[in-house]
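Participant: There's a structure below that I have some questions on.
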Amino acid sequence: MSAPRWGVTGWGAALPTRVVTNADLAEKLDTSDEWVRTRTGIRERRVGGLVSELAAEAGRHALARAGCDGSDVELLILATTTPDQAVPATSSKVHHALGIAGGAYDLNAACAGFVYGLVAAAGAIATGTSSVLLVGADCLSRITDPLDRSTAVLFADGAGAILLQSSTGSREAAELDAPPGMPAGALLGTDLGVDGTAYELLGCEHGGYMTMEGSEVFRRAVRITVSSATAALARSGLKPDDVALFVPHQANLRIIEAACDRLGIGSERTAVILDRTGNTSAASIPLALAEAADAGRLSAGDYVLLSGFGAGMTWASAVLRWGSPL
Ligand code: ACO
């Protein structure tokens, strides 16, 4: 099979330095380390900073790993649901901080935002953009009531980034080496969706705090992850056994385990980081992906299944063929 003509050439992560353990939370809330660990899988989380700061740091790491700087980037996509401010887009600040040459925009699809961004990035490359920096970053602590035990134990802050580059930057070249029956480039099957009738299940008014119908979100999350991941795999012509690494949204370990069970993907092929990060929304998938890549869990040509769900309710799954085209 020919190598893809575009791929992921760099990745990076950023977490606030302040660690908040379950025991820390139990000092102020009617909760316990045992409850949070057994119901969610979360042991501690990182809290602090702004989306612009964390996104720039993760982006800087991704660029450094690829041996690039901002002047090499033609497009920055920042997936976030907690922008620093309403106007302008937080991507403008990140664009400035990294000295990016091309365009930039924010994308809000909640916890599915990074995978939505991946589809948008692949589309940009297919139409001639040579390099896209895709960042997922959120500071959910800014919109979480610290006195609400039903949400304060779950949500936290972080950022993850990947750099996507084509070998030549031209659509013609990107299509040249596409394997028969496969789309050009590294992104194979995808599945995007939203159920707007469920938008009230999880949300935050301007200036307010997150509210969530946890158990209903839980039920839907398992169902959505399984059906969306299955659809993306089917569109890729792949089966669960072909997946080298499954990178699900990191909301609750029980959701991940139930989805893995139904998909037939074992924990040895699943990336989990939420025990140390909590739910970081758009950052959760790239954080888990970056950690797995740093740990050497990915090799060129591996099929990586990414799947996110979140407020909206949105969902997005994609199969990415890992490796650099350069
Ligand atoms: N500590 C102790 N007790 C708690 C806590 C807590 N932190 N939170 C809730 N409880 C209590 C409840 O009050 C309830 O008590 P009751 O039985 O006396 O009424 C009991 O625990 C059970 O509550 P449930 O909500 O049924 O607990 P559940 O096992 O469903 O776990 C949780 C709750 C962790 C929120 C789970 O439902 C969940 O993870 N849901 C999905 C959340 C999610 O995926 N969100 C992601 C959306 S992503 C995005 O867009 C940001």
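How things are named: the first chain in the structure tokens is A, the next is B, and so on; residues count from 1 in each chain; ligands count from 1 in the order shown.
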Return as JSON, numbers by chain every polymer residue, whether protein, DNA or RNA, with at least one atom no more than 9 Å from an atom of ligand 1; count only C-alpha atoms and all ligand atoms.
Facilitator: {"A": [25, 26, 29, 30, 31, 32, 33, 34, 35, 36, 38, 39, 40, 81, 109, 110, 111, 112, 140, 148, 149, 150, 151, 152, 153, 154, 155, 202, 203, 210, 212, 213, 214, 215, 216, 217, 218, 219, 220, 221, 222, 249, 250, 251, 252, 253, 254, 255, 279, 280, 281, 282, 308, 309, 310, 311, 312, 313, 314]}
Participant: Put those residues in a file: C-alpha atoms, as a PDB file, in the first residue's frame.
Facilitator:
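The resulting result_39.pdb:
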ATOM      1  CA  LEU A  25     -11.949  18.274  46.187  1.00  0.00           C
ATOM      2  CA  ALA A  26     -13.313  16.181  49.049  1.00  0.00           C
ATOM      3  CA  LEU A  29     -17.328  19.089  48.530  1.00  0.00           C
ATOM      4  CA  ASP A  30     -19.549  16.286  49.764  1.00  0.00           C
ATOM      5  CA  THR A  31     -17.637  13.679  47.771  1.00  0.00           C
ATOM      6  CA  SER A  32     -14.817  11.193  48.221  1.00  0.00           C
ATOM      7  CA  ASP A  33     -11.808   9.877  46.345  1.00  0.00           C
ATOM      8  CA  GLU A  34     -13.473   6.470  46.293  1.00  0.00           C
ATOM      9  CA  TRP A  35     -16.725   7.791  44.712  1.00  0.00           C
ATOM     10  CA  VAL A  36     -14.924   9.758  42.014  1.00  0.00           C
ATOM     11  CA  THR A  38     -15.068   4.211  40.950  1.00  0.00           C
ATOM     12  CA  ARG A  39     -17.764   6.260  39.134  1.00  0.00           C
ATOM     13  CA  THR A  40     -15.463   8.101  36.719  1.00  0.00           C
ATOM     14  CA  THR A  81     -15.748  25.447  23.743  1.00  0.00           C
ATOM     15  CA  ALA A 109     -18.218  21.286  18.574  1.00  0.00           C
ATOM     16  CA  ALA A 110     -17.625  20.723  22.311  1.00  0.00           C
ATOM     17  CA  CYS A 111     -15.795  17.488  23.103  1.00  0.00           C
ATOM     18  CA  ALA A 112     -16.125  16.346  19.485  1.00  0.00           C
ATOM     19  CA  LEU A 140     -13.614  23.925  31.599  1.00  0.00           C
ATOM     20  CA  ASP A 148     -21.236  21.628  42.410  1.00  0.00           C
ATOM     21  CA  ARG A 149     -20.004  18.099  43.086  1.00  0.00           C
ATOM     22  CA  SER A 150     -21.818  16.696  40.071  1.00  0.00           C
ATOM     23  CA  THR A 151     -19.577  18.634  37.659  1.00  0.00           C
ATOM     24  CA  ALA A 152     -16.569  19.891  39.674  1.00  0.00           C
ATOM     25  CA  VAL A 153     -15.091  16.411  39.964  1.00  0.00           C
ATOM     26  CA  LEU A 154     -15.252  15.874  36.190  1.00  0.00           C
ATOM     27  CA  PHE A 155     -14.124  18.947  34.297  1.00  0.00           C
ATOM     28  CA  LEU A 202     -25.424  19.690  28.773  1.00  0.00           C
ATOM     29  CA  GLY A 203     -24.733  23.392  28.554  1.00  0.00           C
ATOM     30  CA  MET A 210     -22.080  24.079  33.272  1.00  0.00           C
ATOM     31  CA  MET A 212     -25.544  18.429  32.907  1.00  0.00           C
ATOM     32  CA  GLU A 213     -28.002  15.559  33.093  1.00  0.00           C
ATOM     33  CA  GLY A 214     -25.183  13.127  33.842  1.00  0.00           C
ATOM     34  CA  SER A 215     -26.870   9.760  33.622  1.00  0.00           C
ATOM     35  CA  GLU A 216     -28.730  10.574  30.394  1.00  0.00           C
ATOM     36  CA  VAL A 217     -25.492  11.902  28.853  1.00  0.00           C
ATOM     37  CA  PHE A 218     -23.784   8.709  29.990  1.00  0.00           C
ATOM     38  CA  ARG A 219     -26.359   6.465  28.282  1.00  0.00           C
ATOM     39  CA  ARG A 220     -26.213   8.425  25.040  1.00  0.00           C
ATOM     40  CA  ALA A 221     -22.414   8.660  25.125  1.00  0.00           C
ATOM     41  CA  VAL A 222     -21.923   4.892  25.047  1.00  0.00           C
ATOM     42  CA  HIS A 249     -13.080  11.186  24.303  1.00  0.00           C
ATOM     43  CA  GLN A 250     -11.941  11.087  27.920  1.00  0.00           C
ATOM     44  CA  ALA A 251     -15.134  11.767  29.898  1.00  0.00           C
ATOM     45  CA  ASN A 252     -15.612   8.734  32.087  1.00  0.00           C
ATOM     46  CA  LEU A 253     -13.676   5.447  32.229  1.00  0.00           C
ATOM     47  CA  ARG A 254     -16.941   3.518  32.481  1.00  0.00           C
ATOM     48  CA  ILE A 255     -18.111   5.074  29.175  1.00  0.00           C
ATOM     49  CA  ASN A 279     -12.521  15.677  31.165  1.00  0.00           C
ATOM     50  CA  THR A 280     -10.763  18.398  29.166  1.00  0.00           C
ATOM     51  CA  SER A 281     -13.377  18.528  26.373  1.00  0.00           C
ATOM     52  CA  ALA A 282     -11.772  19.352  22.983  1.00  0.00           C
ATOM     53  CA  GLY A 308     -15.603  12.120  20.479  1.00  0.00           C
ATOM     54  CA  PHE A 309     -19.019  13.147  21.764  1.00  0.00           C
ATOM     55  CA  GLY A 310     -20.114  16.219  23.645  1.00  0.00           C
ATOM     56  CA  ALA A 311     -22.533  19.039  24.295  1.00  0.00           C
ATOM     57  CA  GLY A 312     -24.944  19.651  21.471  1.00  0.00           C
ATOM     58  CA  MET A 313     -25.020  16.708  21.419  1.00  0.00           C
ATOM     59  CA  THR A 314     -22.255  16.448  18.875  1.00  0.00           C
TER      60      THR A 314
END
Participant: Identify, with DSSP run on backbone atoms, the residues in segment 42-188 of chain A assigned to helix (DSSP H, G or I), and express the list as an MDAnalysis selection string.
Facilitator: chainID A and resid 51:65 70:72 90:98 110:126 140:143 149:152 171:176
Participant: For the atom pair atom CA of Ser92 of chain A and atom CA of Tyr105 of chain A, what is the interatomic distance in Å to one decimal place?
Facilitator: 7.4 Å
Participant: Find the residue from A:Leu50, A:Ala292, A:Ala259, A:Val135 that sits nearest to Tyr116 of chain A; use only C-alpha atoms when measuring.
Facilitator: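 Of A:Leu50, A:Ala292, A:Ala259, A:Val135, the one nearest Tyr116 of chain A is A:Val135, counting only C-alpha atoms.
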Participant: So, with only C-alpha atoms as the atoms that count, which of A:Leu289, A:Val51, A:Ala283, A:Ala137 lies closest to Gln85 of chain A?
Facilitator: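 Looking only at the distances to Gln85 of chain A, the closest residue turns out to be A:Val51.
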Participant: Choose the residue, out of A:Arg262, A:Lys93, A:Arg269, A:Arg142, that has the smallest atom-to-atom separation from Asp157 of chain A; count only C-alpha atoms.
Facilitator: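 Smallest separation from Asp157 of chain A among the options: A:Arg142.
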Participant: Env of Glu268 of chain A: 12 Å cut, atoms = only C-alpha atoms, seq-sep filter 5 positions within chain, self excluded. Answer as a PDB file with C-alpha atoms, in the first residue's frame.
Facilitator:
ATOM      1  CA  VAL A 243      -7.347  -0.660  14.829  1.00  0.00           C
ATOM      2  CA  ALA A 244      -3.903  -0.256  16.403  1.00  0.00           C
ATOM      3  CA  LEU A 245      -5.079   2.426  18.821  1.00  0.00           C
ATOM      4  CA  PHE A 246      -8.523   3.667  19.841  1.00  0.00           C
ATOM      5  CA  VAL A 247      -8.503   7.220  21.190  1.00  0.00           C
ATOM      6  CA  GLU A 257     -14.882   0.583  28.899  1.00  0.00           C
ATOM      7  CA  CYS A 260     -14.616  -0.727  24.010  1.00  0.00           C
ATOM      8  CA  ALA A 292       0.371   7.456  23.251  1.00  0.00           C
ATOM      9  CA  ARG A 297       2.516   3.154  21.016  1.00  0.00           C
TER      10      ARG A 297
END
Participant: Between A:Thr211, A:Ala156, A:Gly67, A:Trp315, which one has atoms that come closest to Gly196 of chain A, using only C-alpha atoms?
Facilitator: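 Counting only C-alpha atoms, the residue closest to Gly196 of chain A is A:Trp315.
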Participant: Please run DSSP on the backbone and report, as an MDAnalysis selection string, all residues within segment 182-257 of chain A that come out as strand (DSSP E or B).
Facilitator: chainID A and resid 187:194 202:203 211:212 243:248
Participant: Do you know which residues are at most 12 Å from Glu57 of chain A counting only C-alpha atoms, after dropping those on the same chain fewer than 2 positions away, and could you put them as a PyMOL selection string?
Facilitator: chain A and resi 11-16+49-55+59-64+94-95+97-98+135-137+158-162
Participant: Next, the residues of the selection above should be written as a short mmCIF file (atom, residue, chain, number, x, y, z; two decimals), in the first residue's frame with N, CA, C and O atoms.
Facilitator:
data_model
loop_
_atom_site.label_atom_id
_atom_site.label_comp_id
_atom_site.auth_asym_id
_atom_site.auth_seq_id
_atom_site.Cartn_x
_atom_site.Cartn_y
_atom_site.Cartn_z
N TRP A 11 3.24 16.47 17.14
CA TRP A 11 2.16 16.47 18.14
C TRP A 11 2.70 17.07 19.42
O TRP A 11 3.91 17.08 19.66
N GLY A 12 1.80 17.58 20.24
CA GLY A 12 2.23 18.20 21.49
C GLY A 12 1.08 18.31 22.46
O GLY A 12 -0.09 18.19 22.09
N ALA A 13 1.42 18.52 23.72
CA ALA A 13 0.42 18.61 24.78
C ALA A 13 0.79 19.72 25.75
O ALA A 13 1.97 20.09 25.84
N ALA A 14 -0.20 20.24 26.44
CA ALA A 14 0.06 21.23 27.49
C ALA A 14 -0.98 21.07 28.58
O ALA A 14 -2.18 20.97 28.29
N LEU A 15 -0.49 21.02 29.81
CA LEU A 15 -1.39 20.93 30.97
C LEU A 15 -0.99 21.99 31.98
O LEU A 15 0.20 22.29 32.13
N PRO A 16 -1.96 22.55 32.69
CA PRO A 16 -1.60 23.50 33.75
C PRO A 16 -0.75 22.79 34.80
O PRO A 16 -0.83 21.56 34.95
N GLY A 49 -4.96 28.59 34.00
CA GLY A 49 -4.54 29.16 32.72
C GLY A 49 -5.70 29.51 31.82
O GLY A 49 -6.87 29.44 32.20
N LEU A 50 -5.34 29.88 30.61
CA LEU A 50 -6.31 30.27 29.59
C LEU A 50 -6.16 29.36 28.38
O LEU A 50 -5.07 28.83 28.12
N VAL A 51 -7.21 29.24 27.62
CA VAL A 51 -7.15 28.42 26.40
C VAL A 51 -6.03 28.92 25.48
O VAL A 51 -5.26 28.12 24.93
N SER A 52 -5.91 30.24 25.34
CA SER A 52 -4.88 30.77 24.42
C SER A 52 -3.49 30.33 24.87
O SER A 52 -2.65 29.96 24.03
N GLU A 53 -3.24 30.36 26.18
CA GLU A 53 -1.90 30.00 26.69
C GLU A 53 -1.62 28.51 26.49
O GLU A 53 -0.55 28.12 26.01
N LEU A 54 -2.58 27.67 26.88
CA LEU A 54 -2.38 26.22 26.75
C LEU A 54 -2.31 25.80 25.29
O LEU A 54 -1.49 24.95 24.91
N ALA A 55 -3.15 26.42 24.46
CA ALA A 55 -3.15 26.07 23.03
C ALA A 55 -1.82 26.45 22.39
O ALA A 55 -1.26 25.68 21.59
N GLY A 59 0.71 23.82 20.75
CA GLY A 59 1.06 24.06 19.35
C GLY A 59 2.57 24.19 19.17
O GLY A 59 3.14 23.66 18.20
N ARG A 60 3.20 24.88 20.11
CA ARG A 60 4.66 25.07 20.04
C ARG A 60 5.37 23.71 20.10
O ARG A 60 6.30 23.45 19.35
N HIS A 61 4.90 22.83 20.97
CA HIS A 61 5.51 21.49 21.06
C HIS A 61 5.32 20.71 19.75
O HIS A 61 6.23 20.02 19.30
N ALA A 62 4.13 20.81 19.18
CA ALA A 62 3.85 20.07 17.93
C ALA A 62 4.75 20.58 16.80
O ALA A 62 5.30 19.80 16.02
N LEU A 63 4.91 21.90 16.73
CA LEU A 63 5.77 22.48 15.68
C LEU A 63 7.23 22.06 15.89
O LEU A 63 7.92 21.71 14.94
N ALA A 64 7.67 22.09 17.16
CA ALA A 64 9.07 21.74 17.45
C ALA A 64 9.34 20.29 17.06
O ALA A 64 10.38 19.97 16.48
N VAL A 94 -3.51 32.85 19.57
CA VAL A 94 -2.57 31.74 19.37
C VAL A 94 -1.78 31.97 18.09
O VAL A 94 -0.56 31.73 18.03
N HIS A 95 -2.46 32.46 17.07
CA HIS A 95 -1.82 32.81 15.80
C HIS A 95 -0.67 33.79 16.04
O HIS A 95 0.45 33.61 15.55
N ALA A 97 0.83 34.43 19.00
CA ALA A 97 1.85 33.86 19.90
C ALA A 97 2.82 32.94 19.15
O ALA A 97 4.00 32.87 19.48
N LEU A 98 2.32 32.25 18.14
CA LEU A 98 3.16 31.28 17.42
C LEU A 98 3.75 31.85 16.12
O LEU A 98 4.52 31.17 15.44
N VAL A 135 -5.42 22.35 16.94
CA VAL A 135 -5.29 22.35 18.40
C VAL A 135 -6.67 22.13 19.02
O VAL A 135 -7.65 22.73 18.58
N GLY A 136 -6.73 21.28 20.02
CA GLY A 136 -7.93 21.15 20.84
C GLY A 136 -7.58 21.66 22.23
O GLY A 136 -6.62 21.16 22.84
N ALA A 137 -8.28 22.66 22.71
CA ALA A 137 -7.92 23.26 24.01
C ALA A 137 -9.17 23.70 24.74
O ALA A 137 -10.08 24.26 24.14
N GLY A 158 -6.75 21.80 29.68
CA GLY A 158 -5.60 21.25 28.96
C GLY A 158 -5.66 21.59 27.48
O GLY A 158 -6.62 22.22 27.00
N ALA A 159 -4.64 21.16 26.77
CA ALA A 159 -4.58 21.38 25.31
C ALA A 159 -3.71 20.31 24.67
O ALA A 159 -2.74 19.85 25.25
N GLY A 160 -4.09 19.94 23.45
CA GLY A 160 -3.28 19.03 22.65
C GLY A 160 -3.30 19.50 21.21
O GLY A 160 -4.26 20.16 20.78
N ALA A 161 -2.23 19.18 20.48
CA ALA A 161 -2.13 19.69 19.10
C ALA A 161 -1.47 18.67 18.20
O ALA A 161 -0.66 17.86 18.65
N ILE A 162 -1.81 18.73 16.93
CA ILE A 162 -1.08 17.97 15.91
C ILE A 162 -0.81 18.89 14.72
O ILE A 162 -1.57 19.82 14.46
#
Participant: Which residue, A:Arg45, A:Arg18, A:Cys68, A:Thr9, has the smallest gap to Asp275 of chain A when you use only C-alpha atoms?
Facilitator: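 Answer, going by the shortest atom-to-atom distance: A:Arg45.
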Participant: Can you pull out every residue within 9 Å of Gln165 of chain A, counting only C-alpha atoms, but drop anything in the same chain fewer than 5 positions away, and send it as JSON, numbers by chain?
Facilitator: {"A": [5, 6, 7, 8, 9, 73, 125, 129, 130, 131, 132, 133, 324, 325, 326]}
